[in-house]
$ cat upload-v1.tsv   # TSV, C-alpha atoms
chain	number	residue	atom	x	y	z
A	1	MET	CA	-24.60	-18.58	4.48
A	2	ASP	CA	-25.67	-15.84	6.89
A	3	ALA	CA	-23.21	-17.10	9.50
A	4	PHE	CA	-20.45	-17.14	6.88
A	5	ARG	CA	-21.25	-13.58	5.84
A	6	ALA	CA	-21.24	-12.50	9.48
A	7	VAL	CA	-17.77	-13.95	10.05
A	8	MET	CA	-16.45	-12.37	6.84
A	9	ALA	CA	-17.93	-9.03	7.84
A	10	GLN	CA	-15.97	-9.17	11.09
A	11	ILE	CA	-12.72	-9.30	9.15
A	12	GLY	CA	-13.67	-6.46	6.82
A	13	ILE	CA	-15.33	-8.33	3.93
A	14	ALA	CA	-18.91	-7.08	3.83
A	15	ASP	CA	-19.91	-9.17	0.82
A	16	PRO	CA	-17.59	-12.10	-0.09
A	17	LEU	CA	-19.51	-12.61	-3.34
A	18	GLY	CA	-19.76	-8.94	-4.23
A	19	THR	CA	-17.89	-7.03	-6.90
A	20	GLY	CA	-15.72	-5.24	-4.34
A	21	PHE	CA	-14.10	-8.36	-2.91
A	22	LEU	CA	-13.87	-9.98	-6.34
A	23	SER	CA	-12.09	-6.85	-7.63
A	24	VAL	CA	-9.49	-7.23	-4.91
A	25	LEU	CA	-8.94	-10.89	-5.78
A	26	VAL	CA	-8.70	-10.14	-9.50
A	27	THR	CA	-6.22	-7.34	-8.83
A	28	PHE	CA	-4.05	-9.50	-6.60
A	29	PHE	CA	-3.95	-12.51	-8.91
A	30	THR	CA	-3.48	-10.39	-12.04
A	31	ALA	CA	-0.36	-8.86	-10.49
A	32	LEU	CA	0.78	-12.26	-9.23
A	33	VAL	CA	0.40	-14.14	-12.51
A	34	PHE	CA	1.64	-11.32	-14.75
A	35	THR	CA	4.79	-10.75	-12.70
A	36	TRP	CA	5.41	-14.48	-12.21
A	37	ARG	CA	5.33	-15.12	-15.97
A	38	PHE	CA	7.03	-11.88	-17.02
A	39	ILE	CA	10.18	-12.15	-14.90
A	40	PRO	CA	11.80	-15.08	-16.79
A	41	ARG	CA	11.45	-13.19	-20.08
A	42	LEU	CA	12.67	-9.95	-18.55
A	43	ARG	CA	15.60	-11.76	-16.98
A	44	GLU	CA	16.63	-13.20	-20.33
A	45	PHE	CA	16.52	-9.75	-21.94
A	46	ALA	CA	18.36	-8.14	-19.00
A	47	VAL	CA	21.21	-10.65	-19.32
A	48	GLN	CA	21.58	-9.83	-23.01
A	49	ALA	CA	21.35	-6.07	-22.40
A	50	GLY	CA	23.88	-6.10	-19.56
A	51	TRP	CA	21.44	-4.87	-16.92
A	52	ALA	CA	23.22	-6.49	-14.01
A	53	ASP	CA	24.94	-5.81	-10.69
A	54	MET	CA	28.56	-6.84	-10.63
A	55	PRO	CA	30.02	-8.65	-7.59
A	56	ASN	CA	31.71	-6.46	-4.97
A	57	ALA	CA	32.58	-6.45	-1.28
A	58	ARG	CA	29.03	-5.50	-0.21
A	59	ARG	CA	27.07	-7.86	-2.47
A	60	LEU	CA	26.35	-11.55	-1.96
A	61	ASN	CA	26.33	-12.47	-5.65
A	62	THR	CA	29.52	-14.01	-7.06
A	63	GLU	CA	28.56	-13.41	-10.72
A	64	PRO	CA	26.66	-10.68	-12.61
A	65	LEU	CA	23.04	-10.68	-11.44
A	66	PRO	CA	20.23	-9.05	-13.47
A	67	ASN	CA	18.94	-6.01	-11.58
A	68	ALA	CA	15.77	-5.27	-13.56
A	69	GLY	CA	13.33	-7.05	-11.22
A	70	GLY	CA	11.82	-3.71	-10.25
A	71	LEU	CA	10.54	-3.29	-13.79
A	72	ALA	CA	8.66	-6.59	-13.53
A	73	ILE	CA	7.13	-5.62	-10.18
A	74	PHE	CA	6.07	-2.28	-11.65
A	75	ALA	CA	4.63	-3.88	-14.78
A	76	GLY	CA	2.58	-6.36	-12.76
A	77	PHE	CA	1.44	-3.62	-10.39
A	78	VAL	CA	0.29	-1.32	-13.21
A	79	ALA	CA	-1.35	-4.15	-15.18
A	80	SER	CA	-3.37	-5.21	-12.15
A	81	VAL	CA	-4.60	-1.67	-11.43
A	82	ILE	CA	-5.62	-1.22	-15.08
A	83	VAL	CA	-7.55	-4.50	-14.99
A	84	ALA	CA	-9.27	-3.44	-11.75
A	85	TRP	CA	-10.29	-0.10	-13.23
A	86	ALA	CA	-11.52	-1.73	-16.44
A	87	GLY	CA	-13.58	-4.28	-14.55
A	88	ARG	CA	-15.06	-1.77	-12.17
A	89	PRO	CA	-15.08	1.73	-13.73
A	90	ILE	CA	-14.10	4.45	-11.30
A	91	VAL	CA	-15.55	7.92	-11.68
A	92	VAL	CA	-12.76	10.51	-11.76
A	93	GLU	CA	-13.15	12.32	-8.49
A	94	LEU	CA	-10.78	13.57	-5.81
A	95	VAL	CA	-9.56	10.22	-4.51
A	96	ASN	CA	-8.95	8.90	-8.00
A	97	ILE	CA	-6.97	11.98	-8.97
A	98	GLN	CA	-4.87	11.12	-5.92
A	99	VAL	CA	-4.49	7.54	-7.14
A	100	LEU	CA	-3.31	8.83	-10.51
A	101	ALA	CA	-0.83	11.07	-8.69
A	102	ILE	CA	0.51	8.03	-6.84
A	103	MET	CA	0.84	6.07	-10.08
A	104	LEU	CA	2.63	8.96	-11.80
A	105	GLY	CA	4.96	9.43	-8.83
A	106	ALA	CA	5.71	5.69	-8.78
A	107	SER	CA	6.49	5.79	-12.50
A	108	LEU	CA	8.94	8.67	-12.07
A	109	LEU	CA	10.71	6.91	-9.23
A	110	VAL	CA	10.92	3.59	-11.09
A	111	LEU	CA	12.47	5.42	-14.04
A	112	THR	CA	14.90	7.24	-11.75
A	113	GLY	CA	15.81	4.05	-9.93
A	114	PHE	CA	16.35	2.16	-13.18
A	115	ILE	CA	18.64	4.88	-14.57
A	116	ASP	CA	20.56	4.86	-11.29
A	117	ASP	CA	20.86	1.05	-11.43
A	118	GLN	CA	22.33	1.09	-14.92
A	119	PHE	CA	24.27	4.34	-15.15
A	120	GLY	CA	24.44	5.86	-11.67
A	121	LEU	CA	22.92	9.10	-10.42
A	122	SER	CA	24.17	11.45	-7.74
A	123	PRO	CA	22.43	11.38	-4.33
A	124	VAL	CA	21.32	14.98	-4.90
A	125	THR	CA	19.57	14.05	-8.15
A	126	ARG	CA	17.76	11.15	-6.52
A	127	LEU	CA	16.64	13.30	-3.59
A	128	LEU	CA	15.38	16.02	-5.92
A	129	VAL	CA	13.21	13.54	-7.83
A	130	GLN	CA	11.88	12.11	-4.56
A	131	ALA	CA	11.05	15.62	-3.33
A	132	LEU	CA	9.33	16.30	-6.67
A	133	VAL	CA	7.03	13.27	-6.38
A	134	ALA	CA	6.28	14.23	-2.78
A	135	ALA	CA	5.25	17.68	-4.03
A	136	LEU	CA	3.07	15.97	-6.65
A	137	LEU	CA	1.17	14.21	-3.87
A	138	ILE	CA	0.86	17.37	-1.79
A	139	VAL	CA	-0.67	19.46	-4.57
A	140	ASN	CA	-3.22	16.68	-5.07
A	141	GLY	CA	-4.30	16.73	-1.44
A	142	LEU	CA	-2.20	13.88	-0.07
A	143	LYS	CA	-0.44	15.31	2.95
A	144	ILE	CA	-0.01	14.84	6.66
A	145	ASP	CA	-2.16	17.13	8.81
A	146	PHE	CA	0.11	18.36	11.59
A	147	ASN	CA	-2.84	19.38	13.78
A	148	ALA	CA	-4.31	15.88	13.56
A	149	ILE	CA	-1.25	14.22	15.11
A	150	PRO	CA	-2.03	13.24	18.73
A	151	PHE	CA	-0.05	14.62	21.67
A	152	LEU	CA	1.11	17.67	19.70
A	153	PRO	CA	-0.24	21.21	20.20
A	154	VAL	CA	-2.76	22.59	17.73
A	155	LEU	CA	-1.10	25.40	15.83
A	156	PRO	CA	-2.56	28.21	13.72
A	157	ASP	CA	-3.00	27.34	10.04
A	158	PRO	CA	-0.20	29.69	8.84
A	159	VAL	CA	2.21	27.62	10.98
A	160	ALA	CA	0.62	24.18	10.73
A	161	GLY	CA	0.39	24.34	6.92
A	162	PRO	CA	4.13	24.60	6.22
A	163	LEU	CA	4.88	22.04	8.95
A	164	SER	CA	2.43	19.61	7.36
A	165	THR	CA	4.19	20.05	4.01
A	166	VAL	CA	7.62	19.45	5.52
A	167	LEU	CA	6.42	16.36	7.39
A	168	THR	CA	4.87	14.96	4.22
A	169	VAL	CA	8.08	15.41	2.22
A	170	LEU	CA	10.11	13.80	5.02
A	171	TRP	CA	7.63	10.90	5.19
A	172	ILE	CA	7.74	10.19	1.46
A	173	VAL	CA	11.48	10.72	0.97
A	174	GLY	CA	12.41	9.02	4.22
A	175	LEU	CA	10.38	5.87	3.69
A	176	THR	CA	11.37	5.57	0.03
A	177	ASN	CA	15.03	5.59	1.01
A	178	ALA	CA	14.46	3.42	4.08
A	179	VAL	CA	13.11	0.57	1.96
A	180	ASN	CA	15.90	1.02	-0.58
A	181	LEU	CA	18.56	0.82	2.13
A	182	MET	CA	17.11	-2.51	3.32
A	183	ASP	CA	17.73	-4.14	-0.04
A	184	GLY	CA	20.93	-6.02	0.73
A	185	VAL	CA	19.96	-9.67	1.21
A	186	ASP	CA	17.93	-11.85	-1.16
A	187	GLY	CA	14.23	-11.81	-0.41
A	188	VAL	CA	14.22	-9.24	2.41
A	189	VAL	CA	12.65	-6.21	0.72
A	190	GLY	CA	10.30	-8.25	-1.45
A	191	GLY	CA	9.05	-10.17	1.58
A	192	VAL	CA	8.75	-7.14	3.83
A	193	GLY	CA	6.96	-5.27	1.04
A	194	PHE	CA	4.47	-8.13	0.69
A	195	VAL	CA	3.91	-8.33	4.45
A	196	VAL	CA	3.30	-4.59	4.85
A	197	SER	CA	1.06	-4.48	1.77
A	198	MET	CA	-1.11	-7.28	3.15
A	199	VAL	CA	-1.31	-5.70	6.60
A	200	LEU	CA	-2.31	-2.32	5.22
A	201	LEU	CA	-4.75	-3.98	2.81
A	202	VAL	CA	-6.65	-5.81	5.54
A	203	THR	CA	-6.63	-2.70	7.72
A	204	ALA	CA	-7.94	-0.57	4.85
A	205	ALA	CA	-10.69	-3.11	4.26
A	206	GLN	CA	-12.14	-2.20	7.66
A	207	PHE	CA	-13.24	1.16	6.20
A	208	THR	CA	-15.91	1.58	3.53
A	209	ASP	CA	-14.16	4.57	1.90
A	210	ARG	CA	-10.74	2.96	1.37
A	211	ALA	CA	-11.45	1.06	-1.87
A	212	ALA	CA	-8.71	2.86	-3.81
A	213	ALA	CA	-6.11	2.02	-1.17
A	214	VAL	CA	-7.21	-1.63	-1.11
A	215	ILE	CA	-6.84	-1.96	-4.89
A	216	LEU	CA	-3.35	-0.43	-4.94
A	217	LEU	CA	-2.21	-2.59	-2.04
A	218	ALA	CA	-3.63	-5.75	-3.60
A	219	GLY	CA	-1.69	-5.06	-6.79
A	220	LEU	CA	1.55	-4.36	-4.93
A	221	ALA	CA	1.12	-7.45	-2.75
A	222	GLY	CA	0.59	-9.73	-5.75
A	223	ALA	CA	3.55	-8.32	-7.67
A	224	THR	CA	5.98	-8.54	-4.74
A	225	LEU	CA	4.90	-12.08	-3.89
A	226	ALA	CA	5.53	-13.22	-7.47
A	227	TYR	CA	8.91	-11.50	-7.48
A	228	LEU	CA	9.95	-13.51	-4.43
A	229	ARG	CA	9.57	-16.68	-6.48
A	230	TYR	CA	12.77	-15.61	-8.29
A	231	ASN	CA	14.47	-13.59	-5.55
A	232	PHE	CA	14.49	-15.91	-2.53
A	233	ASN	CA	18.07	-17.10	-2.09
A	234	PRO	CA	19.74	-17.97	-4.37
A	235	SER	CA	18.12	-15.22	-6.41
A	236	ARG	CA	17.78	-15.26	-10.17
A	237	ILE	CA	17.08	-11.53	-10.36
A	238	ILE	CA	17.10	-8.54	-8.00
A	239	MET	CA	14.81	-5.52	-7.94
A	240	GLY	CA	17.45	-2.78	-7.89
A	241	ASP	CA	16.67	0.78	-6.83
A	242	ALA	CA	13.71	0.83	-9.24
A	243	GLY	CA	11.85	-1.85	-7.30
A	244	ALA	CA	12.83	-0.60	-3.84
A	245	TYR	CA	11.75	2.95	-4.70
A	246	LEU	CA	8.44	1.62	-6.03
A	247	ILE	CA	7.67	-0.36	-2.88
A	248	GLY	CA	8.77	2.33	-0.41
A	249	PHE	CA	7.03	5.17	-2.20
A	250	THR	CA	3.79	3.29	-2.81
A	251	LEU	CA	3.48	2.18	0.80
A	252	ALA	CA	4.22	5.70	2.05
A	253	ALA	CA	1.81	7.32	-0.40
A	254	VAL	CA	-1.04	4.85	0.15
A	255	SER	CA	-0.82	5.44	3.90
A	256	LEU	CA	-1.67	9.07	3.14
A	257	LEU	CA	-4.82	7.97	1.32
A	258	GLY	CA	-6.18	7.30	4.78
A	259	THR	CA	-5.49	3.57	5.01
A	260	LEU	CA	-4.59	3.81	8.68
A	261	LYS	CA	-6.25	7.04	9.74
A	262	PHE	CA	-8.47	7.22	12.77
A	263	SER	CA	-11.91	8.63	12.12
A	264	ALA	CA	-11.42	11.77	14.21
A	265	GLY	CA	-7.74	12.45	13.65
A	266	ALA	CA	-5.01	11.10	11.45
A	267	SER	CA	-1.99	9.56	13.12
A	268	LEU	CA	1.24	8.23	11.71
A	269	LEU	CA	1.72	6.05	14.77
A	270	VAL	CA	0.13	2.95	13.25
A	271	PRO	CA	1.88	3.07	9.84
A	272	LEU	CA	5.13	3.78	11.65
A	273	ILE	CA	4.69	0.58	13.66
A	274	VAL	CA	3.70	-1.46	10.61
A	275	LEU	CA	6.73	-0.06	8.77
A	276	ALA	CA	8.95	-0.21	11.85
A	277	LEU	CA	11.61	-2.46	10.34
A	278	PRO	CA	12.79	-0.15	7.52
A	279	VAL	CA	12.31	2.94	9.69
A	280	VAL	CA	14.36	1.59	12.59
A	281	ASP	CA	17.00	0.21	10.22
A	282	THR	CA	17.53	3.54	8.46
A	283	THR	CA	17.47	5.49	11.72
A	284	GLN	CA	20.17	3.41	13.38
A	285	VAL	CA	22.32	3.42	10.23
A	286	VAL	CA	22.13	7.21	9.81
A	287	ILE	CA	22.84	7.86	13.48
A	288	GLY	CA	25.77	5.43	13.44
A	289	ARG	CA	27.31	7.02	10.37
A	290	LEU	CA	26.87	10.54	11.71
A	291	ALA	CA	28.50	9.44	14.97
A	292	ARG	CA	31.49	8.24	12.93
A	293	GLY	CA	31.82	11.67	11.36
A	294	ILE	CA	30.26	10.83	7.98
A	295	ARG	CA	28.60	14.00	6.71
A	296	ASN	CA	26.58	12.31	3.98
A	297	PRO	CA	25.19	9.17	5.68
A	298	LEU	CA	23.13	8.13	2.65
A	299	GLY	CA	26.10	8.29	0.31
A	300	HIS	CA	28.47	6.00	2.22
A	301	PRO	CA	27.24	2.38	2.15
A	302	ASP	CA	28.48	-0.03	4.78
A	303	LYS	CA	27.45	-3.27	6.49
A	304	THR	CA	25.74	-1.83	9.57
A	305	HIS	CA	22.17	-2.50	8.42
A	306	ILE	CA	19.94	-4.84	10.39
A	307	HIS	CA	19.95	-7.40	7.59
A	308	HIS	CA	23.77	-7.40	7.58
A	309	ARG	CA	23.84	-7.93	11.35
A	310	VAL	CA	21.32	-10.78	11.18
A	311	LEU	CA	23.19	-12.33	8.25
A	312	ALA	CA	26.43	-12.22	10.22
A	313	ARG	CA	24.76	-14.20	13.02
A	314	THR	CA	22.84	-16.69	10.92
A	315	ALA	CA	25.36	-17.10	8.08
A	316	SER	CA	22.34	-17.82	5.88
A	317	ALA	CA	20.55	-15.46	3.50
A	318	ARG	CA	17.43	-17.65	3.66
A	319	ARG	CA	17.25	-17.63	7.45
A	320	THR	CA	17.95	-13.89	7.48
A	321	ALA	CA	15.04	-13.23	5.12
A	322	VAL	CA	12.65	-15.45	7.09
A	323	ILE	CA	13.61	-13.81	10.39
A	324	LEU	CA	13.01	-10.32	9.02
A	325	TRP	CA	9.73	-11.43	7.45
A	326	ALA	CA	8.64	-12.65	10.89
A	327	VAL	CA	9.65	-9.35	12.51
A	328	ALA	CA	7.73	-7.37	9.89
A	329	THR	CA	4.67	-9.61	10.39
A	330	ALA	CA	4.81	-9.13	14.16
A	331	CYS	CA	5.05	-5.35	13.74
A	332	GLY	CA	2.11	-5.47	11.34
A	333	ALA	CA	-0.03	-7.52	13.72
A	334	PHE	CA	0.74	-5.10	16.56
A	335	GLY	CA	-0.14	-2.13	14.36
A	336	MET	CA	-3.44	-3.76	13.39
A	337	TRP	CA	-4.22	-4.40	17.04
A	338	LEU	CA	-3.58	-0.73	17.87
A	339	GLN	CA	-5.93	0.23	15.04
A	340	GLY	CA	-8.64	-1.89	16.65
A	341	VAL	CA	-8.81	-4.53	13.92
A	342	ASP	CA	-10.75	-7.65	14.91
A	343	PRO	CA	-8.39	-10.32	16.34
A	344	ARG	CA	-9.79	-12.85	13.86
A	345	ALA	CA	-8.79	-10.57	10.99
A	346	ILE	CA	-5.31	-10.22	12.46
A	347	LEU	CA	-4.97	-13.99	12.85
A	348	MET	CA	-6.21	-14.62	9.31
A	349	THR	CA	-3.82	-12.00	7.92
A	350	VAL	CA	-0.85	-13.58	9.66
A	351	LEU	CA	-1.92	-17.01	8.42
A	352	ILE	CA	-2.31	-15.84	4.81
A	353	ILE	CA	1.05	-14.08	4.91
A	354	THR	CA	2.76	-17.18	6.32
A	355	VAL	CA	1.20	-19.53	3.76
A	356	CYS	CA	1.98	-17.26	0.80
A	357	LEU	CA	5.59	-16.65	1.80
A	358	GLY	CA	6.09	-20.32	2.55
A	359	PHE	CA	4.66	-21.24	-0.85
A	360	VAL	CA	6.93	-18.97	-2.93
A	361	ALA	CA	10.01	-19.77	-0.84
A	362	THR	CA	9.41	-23.48	-1.30
A	363	ARG	CA	8.91	-23.03	-5.03
A	364	ARG	CA	12.20	-21.15	-5.29
A	365	VAL	CA	14.11	-23.79	-3.35
A	366	ARG	CA	12.66	-26.58	-5.50
A	367	ALA	CA	13.41	-24.63	-8.67
A	368	HIS	CA	17.01	-24.18	-7.56
A	369	ARG	CA	17.36	-27.93	-7.11
A	370	ARG	CA	16.02	-28.46	-10.62
A	371	GLU	CA	18.45	-25.85	-11.97
A	372	LEU	CA	21.25	-27.97	-10.55
A	373	ASP	CA	19.70	-31.03	-12.20
A	374	PRO	CA	18.77	-30.14	-15.82
A	375	ALA	CA	17.12	-33.55	-16.23
A	376	ALA	CA	14.26	-32.38	-14.00
A	377	PRO	CA	12.86	-29.21	-15.61
A	378	ASP	CA	10.85	-26.69	-13.62
A	379	PRO	CA	7.65	-25.66	-15.42
A	380	ASP	CA	8.12	-22.11	-14.08
A	381	VAL	CA	11.57	-21.72	-15.63
A	382	THR	CA	12.00	-21.39	-19.37
A	383	PRO	CA	14.97	-23.10	-21.09
A	384	SER	CA	16.56	-19.72	-21.78
A	385	GLU	CA	16.47	-18.98	-18.07
A	386	LYS	CA	18.86	-21.86	-17.35
A	387	GLN	CA	21.73	-20.30	-19.22

$ encode --input "upload-v1.tsv" --output "structure tokens"
Amino acid sequence: MDAFRAVMAQIGIADPLGTGFLSVLVTFFTALVFTWRFIPRLREFAVQAGWADMPNARRLNTEPLPNAGGLAIFAGFVASVIVAWAGRPIVVELVNIQVLAIMLGASLLVLTGFIDDQFGLSPVTRLLVQALVAALLIVNGLKIDFNAIPFLPVLPDPVAGPLSTVLTVLWIVGLTNAVNLMDGVDGVVGGVGFVVSMVLLVTAAQFTDRAAAVILLAGLAGATLAYLRYNFNPSRIIMGDAGAYLIGFTLAAVSLLGTLKFSAGASLLVPLIVLALPVVDTTQVVIGRLARGIRNPLGHPDKTHIHHRVLARTASARRTAVILWAVATACGAFGMWLQGVDPRAILMTVLIITVCLGFVATRRVRAHRRELDPAAPDPDVTPSEKQ
């Protein structure tokens, strides 16, 4: 037992039988099971309510596809956090006020994304809401410290303060939109969100004061993994802007909780590497559109995203998703290595990610075969889901 505890301690689990680790497991599986079971019912209601994306030149679906998956991810995420708090009461102190700020900001963005999915909102309105939730984090102490960024000069507080605020807003707004812009092929954003959540979770577990971040990441990881059961190609439901905003914002905000901060100075280098795929994708798209003379690069969708380019080469949405999952996992492993995470923890993280993604992808493929053969019902799919 002592040897087992020693090995677990090396990968960030100080007490595998303690309440801390059990809380993480309960949070993860609560989000997983809740979202897994909730999506079929939500999908049925969304079909009846007309919450769906219609086919067009940029979309892969050939018939109306329910776009309320983000609500299911959010519901599973919130339910898991509530269960974690109920099982292990948290005294309301600074970090927990910050957690509440993250939850409130996520709620506002999910609502905004859902309204945009169903009725449409102007880019200015969406950006204003994103800036508002960024301000919510800042006033609650979640912000980037400009003077803690390596290789940059230390500036006086009257100068560094405003720069820190601007950088924080750009980080939150930029990453929220970066994840949203990646949502163009079945399974890509859900899978990347799961991969990044797991990488940040294991990295946060290396620090004794990152319990809040670990809980939030466990809930997000469980909810996104369950969503993939219904979103891996051919998808039964998509997350819409509501889900993409939730994933992008939560990952950006949790990174400010200190998940990947060095002890002496915070650096965005590691989270930037872990989140390299959406960051690089958005950067190259914006630069390309500006080079073509488009003044509002976020308001003119096209097929220049990385997932569109990979899809054009593979001619397969499934292969495209798997390739981008692998890229995100590689970026995450590299980021963990830079952070100094034990190689055994990195290897175990990659293995867990691979097994989990393989499991849900296989379940979706098998379910699709059963959908084509009504005589062989899938226990995960209700009769109403086969309409």

$ atom_distance --input "upload-v1.tsv" --atom1 "CA of Thr112 in chain A" --atom2 "CA of Ile287 in chain A"
26.5 Å

$ atom_distance --input "upload-v1.tsv" --atom1 "CA of Ala330 in chain A" --atom2 "CA of Ala148 in chain A"
26.6 Å

$ atom_distance --input "upload-v1.tsv" --atom1 "CA of His368 in chain A" --atom2 "CA of Arg236 in chain A"
9.3 Å

$ closest_residue --input "upload-v1.tsv" --among "A:Trp325, A:Phe77, A:Trp171, A:Phe207" --to "Val195 in chain A" --atoms "all atoms listed in the file"
A:Trp325

$ closest_residue --input "upload-v1.tsv" --among "A:Asp186, A:Ile306, A:Ala212, A:Asp342" --to "Pro234 in chain A" --atoms "all atoms listed in the file"
A:Asp186

$ residues_near_point --input "upload-v1.tsv" --point "(-10.1, -8.7, -5.1)" --cutoff "12 Å" --atoms "only C-alpha atoms" --output "PyMOL selection string"
chain A and resi 13+15-31+80-81+83-85+87-88+201-202+205+211-212+214-219+221-222

$ closest_residue --input "upload-v1.tsv" --among "A:Ile294, A:Val179, A:Ile39, A:Val47" --to "Pro278 in chain A" --atoms "only C-alpha atoms"
A:Val179

$ residues_around --input "upload-v1.tsv" --residues "Val173 in chain A" --least-positions-apart "2" --cutoff "10 Å" --atoms "all atoms listed in the file" --output "list in words"
Arg126, Leu127, Leu128, Val129, Gln130, Ala131, Leu132, Val133, Ala134, Leu167, Thr168, Val169, Leu170, Trp171, Leu175, Thr176, Asn177, Ala178, Tyr245, Gly248, Phe249 and Ala252 of chain A

$ write_last_selection --input "upload-v1.tsv" --atoms "C-alpha atoms" --output "tab-separated table (two decimals), in the frame of the given file"
chain	number	residue	atom	x	y	z
A	126	ARG	CA	17.76	11.15	-6.52
A	127	LEU	CA	16.64	13.30	-3.59
A	128	LEU	CA	15.38	16.02	-5.92
A	129	VAL	CA	13.21	13.54	-7.83
A	130	GLN	CA	11.88	12.11	-4.56
A	131	ALA	CA	11.05	15.62	-3.33
A	132	LEU	CA	9.33	16.30	-6.67
A	133	VAL	CA	7.03	13.27	-6.38
A	134	ALA	CA	6.28	14.23	-2.78
A	167	LEU	CA	6.42	16.36	7.39
A	168	THR	CA	4.87	14.96	4.22
A	169	VAL	CA	8.08	15.41	2.22
A	170	LEU	CA	10.11	13.80	5.02
A	171	TRP	CA	7.63	10.90	5.19
A	175	LEU	CA	10.38	5.87	3.69
A	176	THR	CA	11.37	5.57	0.03
A	177	ASN	CA	15.03	5.59	1.01
A	178	ALA	CA	14.46	3.42	4.08
A	245	TYR	CA	11.75	2.95	-4.70
A	248	GLY	CA	8.77	2.33	-0.41
A	249	PHE	CA	7.03	5.17	-2.20
A	252	ALA	CA	4.22	5.70	2.05

$ residues_around --input "upload-v1.tsv" --residues "Leu42 in chain A" --least-positions-apart "4" --cutoff "10 Å" --atoms "all atoms listed in the file" --output "PyMOL selection string"
chain A and resi 35+37-38+46-48+66+68-69+71-72+237+385

$ residues_around --input "upload-v1.tsv" --residues "Pro162 in chain A" --least-positions-apart "3" --cutoff "12 Å" --atoms "only C-alpha atoms" --output "CSV table (one decimal) with C-alpha atoms, in the coordinates of the input"
chain,number,residue,atom,x,y,z
A,138,ILE,CA,0.9,17.4,-1.8
A,143,LYS,CA,-0.4,15.3,3.0
A,144,ILE,CA,0.0,14.8,6.7
A,145,ASP,CA,-2.2,17.1,8.8
A,146,PHE,CA,0.1,18.4,11.6
A,147,ASN,CA,-2.8,19.4,13.8
A,155,LEU,CA,-1.1,25.4,15.8
A,156,PRO,CA,-2.6,28.2,13.7
A,157,ASP,CA,-3.0,27.3,10.0
A,158,PRO,CA,-0.2,29.7,8.8
A,159,VAL,CA,2.2,27.6,11.0
A,165,THR,CA,4.2,20.0,4.0
A,166,VAL,CA,7.6,19.4,5.5
A,167,LEU,CA,6.4,16.4,7.4
A,168,THR,CA,4.9,15.0,4.2
A,169,VAL,CA,8.1,15.4,2.2

$ closest_atom_pairs --input "upload-v1.tsv" --of "range 197-254 of chain A" --to "range 352-358 of chain A" --cutoff "9 Å" --atoms "all atoms listed in the file" --output "tab-separated table"
residue	atom	partner	partner_atom	distance
A:Met198	CA	A:Ile353	CA	7.3
A:Val199	CA	A:Ile353	CA	8.9
A:Leu225	CA	A:Leu357	CA	7.3
A:Leu228	CA	A:Leu357	CA	8.2

$ closest_residue --input "upload-v1.tsv" --among "A:Asn231, A:Val365, A:Gln206, A:Leu136" --to "Leu108 in chain A" --atoms "all atoms listed in the file"
A:Leu136

$ closest_residue --input "upload-v1.tsv" --among "A:Asp281, A:Asp53, A:Asp209, A:Glu371" --to "Ala328 in chain A" --atoms "all atoms listed in the file"
A:Asp281

$ residues_around --input "upload-v1.tsv" --residues "Ile247 in chain A" --least-positions-apart "3" --cutoff "10 Å" --atoms "all atoms listed in the file" --output "list in words"
Gly70, Ile73, Phe74, Ala106, Val110, Leu175, Thr176, Val179, Asn180, Val189, Gly190, Val192, Gly193, Phe194, Val196, Ser197, Leu220, Ala221, Thr224, Asp241, Ala242, Gly243, Ala244, Thr250, Leu251, Ala252 and Ala253 of chain A

$ closest_residue --input "upload-v1.tsv" --among "A:Ala52, A:Val280, A:Ile102, A:Leu111" --to "His305 in chain A" --atoms "only C-alpha atoms"
A:Val280

$ axis_aligned_box --input "upload-v1.tsv" --around "range 303-307 of chain A" --padding-each-side "8 Å" --output "AutoDock Vina command-line options"
--center_x 23.7 --center_y -4.6 --center_z 8.4 --size_x 23.5 --size_y 21.6 --size_z 19.9
